[in-house]
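So the structure is just underneath, and the comments pick up after that.
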Amino acid sequence: MNQAKLKKLQKTAKEVRLDILEEVHAAASGHPGGSLSVADILTYLYYEEMNVDPQNPQMEDRDRLVLSKGHTAPALYAVLAEKGYFPKEELKKLRQIDSFLQGHPDMKHTPGVDMSTGSLGLGVSASCGMALAAKLKNKDYRVYSVLGDGESEEGQVWEAAMFAAHNNLDNLCWILDLNMLQIDGNIKDVVDPTPHDKKFEAFNWNVIVADAHDFASLEAAFKAARKCKGKPSIIIANSVKGKGVSFMENQAGWHGKAPNDEQYAAAVAEIKAAD
Amino acid sequence: MADKIATREAYGNALVELAETNEFVVLDADLAEATKTGVFKKKYPERFFDCGIAEGNMVTVAAGIAASGMNVFCSSFAMFAAGRAFEQVRNMIGYPHLNVKICATHAGISVGEDGATHQCLEDIALMRTIPGMVVINPADATEARAAVEWALNYKGPVYMRLGRLAVPVLFDKETYKFEVGKNVRLTKGRDVTIYATGLTVGMSLDAAKLLKAEGIGARVVNVATIKPIDEEEIVASAKQTRCIVTVEEHNVIGGLGEAVCGVTAAKCPVPVVRVGTMDEFGRSGKVPALLEHYGLTAENIAAKAKEAMALKKKFSK
C-alpha cells in the first residue's frame, strides 16, 4: 500500500475513533469496545473496497454492507458520517428519542444502512440473501458482512455459512472481528467458538487471515477475497477490543459501557496524540 | 358434494400459475413436497432454493432477497415458520417492513397424526403481534389462490396460514374476489354472528344450517384477514346481533377470538364465546377425531351459538 493512501486511511480512522467516543459519550450508553475494534475494517471497506455513493445511498448496483454485529453501530455511523451520508452533527444524537441513529442499525431511517441488524447471528443470513439476489439479477455487486467472534456462537451463523457455500456465493465476503472478548469474558472461557479458520474451511469457505488494524493487511485480504471464485470468503481479522484507547483495550468491561467525562477526555487525548 | 382441496395445494398451484407472468423467488426448508412449493420447484428450479432444515436462516435469507428489491415467498410448516423463526421474522422482516411472503402450511390440529409438536396453535397470535404484518387465513382453495396473488402484488410483510387437510371448495373461482381486511358475510341472520377463519368456515356454515332448523338466524362471517381486522364490519354485526361466536383452529388465546374481542370490547361490548383449542396442546389422531375432540364441529359451534344467545339475554336484563 502506498504511503499516501495509508496516511489518508489512518487519518480517517482516527476521526472515526473520535466520532465513536463522542457518540457513545453523548448518548451515555452504547458499545465502545467493539466499535473501536471494527473501526479500521469499516473505514477500509467504505473508503477503499466498496463501490458506494453517499449522494445516492440506494444506488441499485452499489456494494452492500450488513453489520451483523449491530451493537457496533457507532462505528458504522461514524464512517457513514465521515463519508458524507449525513451531517456529522447527527452523531451527537445517537440513541436519543428524536434521532435516526438508533441503538442498532435501522435501514428504514438511516441513510447508508443497507440492513437493519442488532439481534446477533441474523445479519449474516440476510447478507446471503442479498448475495443470492445479486446472482439472480445478474448484477456484479458484492456483499460484505461484519460479524463478531462472540456472535459466532449463534447457531444461525453456521446455517448461513452452509447456505452461502452450498450456493457458491463468491460475491459474498464476511469479516470476522476476532477480538477474543464477549460480554461475559474471553470467548474461550464462555463457550469456545474457535478455531474459526478450520471451521470455515470445513464449511467450504475461502479463509483469509488478516490484522484488523493494519490497512496493508486488510487490503491484501480483500484483494484475495475478490479473486476467489466459486465459494464465499471470510476474512478472519485479528483485532483488539477497544483499540486505540489504552484503558479500554482488551477489557470485556468496555463492551457496553460509555465513558464518563473524565474518561472521555483521556480517551480523546490519547487518540489525538497517536500518530 | 363440493370438491375438496387443501389450501396448501392451491398455494403451490398459484405459485406456478403466477410465475408465468411474474418474477419471484421461492424458498423452502426441506418440506417442498409437503408445503407444495415442490410443484413450483419442478417447473422453475432456477428460482427455487431449498434452505435445508434451517428455518431461521431461510426467513432471514428471504429478508436479504427482499431488501435487494426482489419478490420472495418462503414456506415451511407453521410451527417452524412462525414458531421457530419468530424472532427472525420479527426483527429482520417485520421491523424493517420487508416485502417477504411467509406462506406457512400444516397449521392447526388438522395436521393429524404427527401430533402436538407439529400442530401449530400459536401462529396467528405470534404473527399478529408484529407491527405491520398482514395475517391471512384462507378458507378454501379459491380464496387461497386469490390471496396468494394479492400478496404477490402487495409490498410488505405477509403471513399466510395454510392447511394440510383437503377442505371443501366454498367459493366460485369465477366470481370470487379477495379483498384484504374485509370480512365477508356468508349467511344472513340477526340472532348471532359466527366469525370463522380457515377450515372452520365450512363447519360454521353447517352449524348455521343446524341453527336454522331450530329457527335461529346465524350470520356466518368469513374472516380471511385476521390482521388488519375488519373493525367496521365487526362493530356493525355486534350492534345487529348483540352476541358473537368465534371459531378457529388455534388457541383461543391470541387468535381470531381475541382479535374480535379487541374490537367489541372497545367499540361495542357484547358477549363473545370463543371456540378453538382451550389453552391446551394438540395430540395425535385422525383429523375427524381430533376436530371432534377439540370441539371444532358444527354441533359444538351451534351449541356455543345458543350459549352466546343466552348470555345476550342474561346481560340485557
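Labeling convention for the C-alpha cells: chains A, B, ... as they appear, residues from 1 per chain, ligands from 1 in order of appearance.
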For this session: Find the residues around Leu101 (chain A) up to 12 Å (only C-alpha atoms counted), leave out those fewer than 3 positions away in its own chain, and share them as an MDAnalysis selection string.
Result: chainID A and resid 23:24 27 30 71 73:78 80:81 86:98 104:113 116
Written file, previous selection with C-alpha atoms, as a PDB file, in the first residue's frame:
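To be explicit, this is the file written out as result_0.pdb:
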ATOM      1  CA  GLU A  23     -21.298   9.409  20.095  1.00  0.00           C
ATOM      2  CA  VAL A  24     -21.142   6.999  22.995  1.00  0.00           C
ATOM      3  CA  ALA A  27     -25.507   9.090  24.483  1.00  0.00           C
ATOM      4  CA  GLY A  30     -23.633   2.207  23.713  1.00  0.00           C
ATOM      5  CA  HIS A  71     -24.241  -3.197  18.503  1.00  0.00           C
ATOM      6  CA  ALA A  73     -23.425   0.803  15.135  1.00  0.00           C
ATOM      7  CA  PRO A  74     -21.453   3.800  16.481  1.00  0.00           C
ATOM      8  CA  ALA A  75     -18.537   2.757  14.243  1.00  0.00           C
ATOM      9  CA  LEU A  76     -20.790   2.371  11.190  1.00  0.00           C
ATOM     10  CA  TYR A  77     -22.486   5.723  11.840  1.00  0.00           C
ATOM     11  CA  ALA A  78     -19.092   7.403  12.257  1.00  0.00           C
ATOM     12  CA  LEU A  80     -21.130   6.948   7.151  1.00  0.00           C
ATOM     13  CA  ALA A  81     -20.999  10.498   8.547  1.00  0.00           C
ATOM     14  CA  PHE A  86     -25.465  12.558   6.698  1.00  0.00           C
ATOM     15  CA  PRO A  87     -24.113  15.525   8.710  1.00  0.00           C
ATOM     16  CA  LYS A  88     -21.611  14.753  11.438  1.00  0.00           C
ATOM     17  CA  GLU A  89     -23.692  16.775  13.937  1.00  0.00           C
ATOM     18  CA  GLU A  90     -26.208  13.912  13.890  1.00  0.00           C
ATOM     19  CA  LEU A  91     -23.682  11.694  15.660  1.00  0.00           C
ATOM     20  CA  LYS A  92     -24.228  13.578  18.918  1.00  0.00           C
ATOM     21  CA  LYS A  93     -27.867  12.477  18.842  1.00  0.00           C
ATOM     22  CA  LEU A  94     -27.086   8.756  18.925  1.00  0.00           C
ATOM     23  CA  ARG A  95     -29.773   6.840  20.834  1.00  0.00           C
ATOM     24  CA  GLN A  96     -31.851   9.973  21.505  1.00  0.00           C
ATOM     25  CA  ILE A  97     -35.625   9.916  21.119  1.00  0.00           C
ATOM     26  CA  ASP A  98     -35.682  12.198  18.057  1.00  0.00           C
ATOM     27  CA  HIS A 104     -28.735  -0.692  16.490  1.00  0.00           C
ATOM     28  CA  PRO A 105     -28.746  -0.065  12.703  1.00  0.00           C
ATOM     29  CA  ASP A 106     -32.119   0.779  11.131  1.00  0.00           C
ATOM     30  CA  MET A 107     -32.246   0.588   7.332  1.00  0.00           C
ATOM     31  CA  LYS A 108     -35.554   2.412   7.217  1.00  0.00           C
ATOM     32  CA  HIS A 109     -34.318   5.663   8.699  1.00  0.00           C
ATOM     33  CA  THR A 110     -30.542   5.930   8.405  1.00  0.00           C
ATOM     34  CA  PRO A 111     -29.030   6.824   5.020  1.00  0.00           C
ATOM     35  CA  GLY A 112     -26.394   4.264   4.080  1.00  0.00           C
ATOM     36  CA  VAL A 113     -27.591   1.444   6.307  1.00  0.00           C
ATOM     37  CA  SER A 116     -31.421  -3.490   9.972  1.00  0.00           C
TER      38      SER A 116
END
For this session: Within 10 Å of chain B, which residues of chain A are there when counting only C-alpha atoms? Please give them as a PyMOL selection string.
Result: chain A and resi 60-61+64+66+106-109+114-119+121-134+136-137+155-163+166-167
For this session: Return as a PyMOL selection string the full set of residues in region 74-272 of chain B whose backbone-based DSSP assignment is helix (DSSP H, G or I).
Result: chain B and resi 78-84+86-94+109-111+116-118+123-128+141-153+200-213+231-241+256-267
Problem set entry | Spatial neighbours of region 243-255 of chain A, max dist 8 Å, only C-alpha atoms, sep filter under 5 positions, as a ChimeraX atom specification | /A:17,31-34,36-37,179,181-186,267,270-271
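The gap separating CA of Gly276 (chain B) from CA of Glu249 (chain B) is 5.5 Å, in Å to one decimal.
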For this session: Record the distance separating CA of Val273 (chain B) and CA of Lys239 (chain B), expressed in Å with one decimal.
Result: 15.9 Å
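Take the candidates B:Cys243, B:Leu290, B:Met160, B:Ala6 and check each one against Gly115 (chain B) using only C-alpha atoms; the shortest distance goes to B:Leu290.
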Problem set entry | Spatial neighbours of region 188-196 of chain B, 8 Å, only C-alpha atoms, chain gap at least 6 places, as a PyMOL selection string | chain B and resi 204+216-223+237-238+240-248+305+308-309
For this session: Report the distance between CA of Gly198 (chain B) and CA of Gly112 (chain B) in Å, rounded to one decimal place.
Result: 16.0 Å
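Every protein or nucleic acid residue with an atom no more than 12 Å from Glu258 (chain B), counting only C-alpha atoms and leaving out same-chain residues fewer than 3 positions away, appears here: Ile124, Ala125, Arg128, Thr129, Tyr195, Ile226, Lys227, Ile229, Ile244, Val245, Thr246, Val247, Glu248, His250, Asn251, Val252, Ile253, Gly254, Gly255, Cys261, Gly262, Val263, Thr264, Ala265, Val272, Val273, Arg274, Val275 and Gly276 of chain B.
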Exercise. Where in region 40-163 of chain B does DSSP assign strand (DSSP E or B), given as number ranges by chain?
Worked result: B: 48-50, 72-77, 100-105, 107, 120, 134-136, 158-161
Save the residues we just selected, C-alpha atoms, as a PDB file, in the first residue's frame?
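Everything below was put into result_32.pdb:
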ATOM      1  CA  PHE B  48     -36.341 -22.150  -6.146  1.00  0.00           C
ATOM      2  CA  PHE B  49     -33.898 -22.509  -3.262  1.00  0.00           C
ATOM      3  CA  ASP B  50     -34.066 -25.216  -0.667  1.00  0.00           C
ATOM      4  CA  VAL B  72     -39.884 -13.675  -2.382  1.00  0.00           C
ATOM      5  CA  PHE B  73     -42.105 -16.364  -0.874  1.00  0.00           C
ATOM      6  CA  CYS B  74     -40.864 -18.720   1.819  1.00  0.00           C
ATOM      7  CA  SER B  75     -42.553 -21.771   3.224  1.00  0.00           C
ATOM      8  CA  SER B  76     -42.319 -24.281   5.995  1.00  0.00           C
ATOM      9  CA  PHE B  77     -44.779 -25.695   8.500  1.00  0.00           C
ATOM     10  CA  VAL B 100     -41.477 -11.115   2.306  1.00  0.00           C
ATOM     11  CA  LYS B 101     -44.406 -13.504   1.943  1.00  0.00           C
ATOM     12  CA  ILE B 102     -44.355 -16.219   4.581  1.00  0.00           C
ATOM     13  CA  CYS B 103     -46.730 -18.955   3.493  1.00  0.00           C
ATOM     14  CA  ALA B 104     -46.907 -21.483   6.284  1.00  0.00           C
ATOM     15  CA  THR B 105     -48.668 -24.788   5.883  1.00  0.00           C
ATOM     16  CA  ALA B 107     -51.234 -25.002  10.707  1.00  0.00           C
ATOM     17  CA  CYS B 120     -49.142 -25.014  15.487  1.00  0.00           C
ATOM     18  CA  VAL B 134     -50.691  -8.747   7.425  1.00  0.00           C
ATOM     19  CA  VAL B 135     -52.141 -12.071   8.613  1.00  0.00           C
ATOM     20  CA  ILE B 136     -54.326 -14.043   6.216  1.00  0.00           C
ATOM     21  CA  VAL B 158     -47.485 -11.044   4.876  1.00  0.00           C
ATOM     22  CA  TYR B 159     -48.077 -14.189   6.892  1.00  0.00           C
ATOM     23  CA  MET B 160     -50.420 -16.661   5.234  1.00  0.00           C
ATOM     24  CA  ARG B 161     -51.795 -19.602   7.175  1.00  0.00           C
TER      25      ARG B 161
END
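Proximity to Val240 (chain A) was assessed for A:Leu178, A:Ala266, A:Leu172, A:Ala220 counting only C-alpha atoms; the smallest distance is recorded for A:Leu178.
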Problem set entry | Of the listed residues A:Asn168, A:Asn2, A:Ser99, A:Asn206, that which approaches Glu219 (chain A) most closely, counting only C-alpha atoms | A:Asn2
Problem set entry | For Pro45 (chain B): contacts at 12 Å, only C-alpha atoms, fewer than 5 positions along chain excluded, given as a ChimeraX atom specification | /B:16,19,24-27,32,37-40,50
Exercise. Near region 42-53 of chain A, counting only C-alpha atoms, which residues have an atom at most 7 Å away, once you skip same-chain residues fewer than 4 positions from it, shown as JSON, numbers by chain?
Worked result: {"A": [13, 38, 57, 62, 63, 76, 79]}
Would you mind exporting the chosen residues as a PDB file, in the first residue's frame, restricted to all heavy atoms?
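Result file is out_11.pdb:
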ATOM      1  N   ALA A  13      -9.497   6.918   9.966  1.00  0.00           N
ATOM      2  CA  ALA A  13      -9.799   6.008  11.075  1.00  0.00           C
ATOM      3  C   ALA A  13      -9.666   6.729  12.423  1.00  0.00           C
ATOM      4  O   ALA A  13     -10.422   6.437  13.368  1.00  0.00           O
ATOM      5  CB  ALA A  13      -8.883   4.794  11.023  1.00  0.00           C
ATOM      6  N   VAL A  38     -13.787  -2.621  15.277  1.00  0.00           N
ATOM      7  CA  VAL A  38     -14.160  -2.698  13.855  1.00  0.00           C
ATOM      8  C   VAL A  38     -13.902  -1.389  13.100  1.00  0.00           C
ATOM      9  O   VAL A  38     -14.175  -1.300  11.901  1.00  0.00           O
ATOM     10  CB  VAL A  38     -15.645  -3.099  13.625  1.00  0.00           C
ATOM     11  CG1 VAL A  38     -15.929  -4.488  14.158  1.00  0.00           C
ATOM     12  CG2 VAL A  38     -16.603  -2.082  14.203  1.00  0.00           C
ATOM     13  N   PRO A  57     -27.558   6.778  -1.738  1.00  0.00           N
ATOM     14  CA  PRO A  57     -27.403   5.595  -0.866  1.00  0.00           C
ATOM     15  C   PRO A  57     -28.153   4.355  -1.367  1.00  0.00           C
ATOM     16  O   PRO A  57     -27.798   3.251  -1.004  1.00  0.00           O
ATOM     17  CB  PRO A  57     -27.976   6.046   0.479  1.00  0.00           C
ATOM     18  CG  PRO A  57     -28.147   7.516   0.394  1.00  0.00           C
ATOM     19  CD  PRO A  57     -28.223   7.896  -1.046  1.00  0.00           C
ATOM     20  N   ARG A  62     -24.882  -0.709  -6.079  1.00  0.00           N
ATOM     21  CA  ARG A  62     -23.875  -0.498  -5.033  1.00  0.00           C
ATOM     22  C   ARG A  62     -23.487  -1.803  -4.355  1.00  0.00           C
ATOM     23  O   ARG A  62     -24.274  -2.761  -4.343  1.00  0.00           O
ATOM     24  CB  ARG A  62     -24.413   0.464  -3.963  1.00  0.00           C
ATOM     25  CG  ARG A  62     -25.478  -0.172  -3.071  1.00  0.00           C
ATOM     26  CD  ARG A  62     -26.155   0.840  -2.168  1.00  0.00           C
ATOM     27  NE  ARG A  62     -27.060   0.234  -1.216  1.00  0.00           N
ATOM     28  CZ  ARG A  62     -28.292  -0.200  -1.504  1.00  0.00           C
ATOM     29  NH1 ARG A  62     -28.766  -0.094  -2.732  1.00  0.00           N
ATOM     30  NH2 ARG A  62     -29.053  -0.727  -0.561  1.00  0.00           N
ATOM     31  N   ASP A  63     -22.304  -1.819  -3.778  1.00  0.00           N
ATOM     32  CA  ASP A  63     -21.950  -2.910  -2.878  1.00  0.00           C
ATOM     33  C   ASP A  63     -22.719  -2.705  -1.578  1.00  0.00           C
ATOM     34  O   ASP A  63     -23.033  -1.573  -1.208  1.00  0.00           O
ATOM     35  CB  ASP A  63     -20.443  -2.912  -2.597  1.00  0.00           C
ATOM     36  CG  ASP A  63     -19.624  -3.313  -3.823  1.00  0.00           C
ATOM     37  OD1 ASP A  63     -20.173  -3.984  -4.721  1.00  0.00           O
ATOM     38  OD2 ASP A  63     -18.440  -2.942  -3.885  1.00  0.00           O
ATOM     39  N   LEU A  76     -20.180   2.242  12.523  1.00  0.00           N
ATOM     40  CA  LEU A  76     -20.790   2.371  11.190  1.00  0.00           C
ATOM     41  C   LEU A  76     -21.283   3.801  10.977  1.00  0.00           C
ATOM     42  O   LEU A  76     -21.030   4.404   9.929  1.00  0.00           O
ATOM     43  CB  LEU A  76     -21.950   1.380  11.045  1.00  0.00           C
ATOM     44  CG  LEU A  76     -22.730   1.441   9.726  1.00  0.00           C
ATOM     45  CD1 LEU A  76     -21.822   1.156   8.526  1.00  0.00           C
ATOM     46  CD2 LEU A  76     -23.907   0.471   9.746  1.00  0.00           C
ATOM     47  N   VAL A  79     -18.393   6.183  10.275  1.00  0.00           N
ATOM     48  CA  VAL A  79     -17.862   6.068   8.915  1.00  0.00           C
ATOM     49  C   VAL A  79     -18.840   6.682   7.905  1.00  0.00           C
ATOM     50  O   VAL A  79     -18.441   7.407   6.996  1.00  0.00           O
ATOM     51  CB  VAL A  79     -17.550   4.593   8.559  1.00  0.00           C
ATOM     52  CG1 VAL A  79     -17.156   4.458   7.100  1.00  0.00           C
ATOM     53  CG2 VAL A  79     -16.428   4.059   9.447  1.00  0.00           C
TER      54      VAL A  79
END
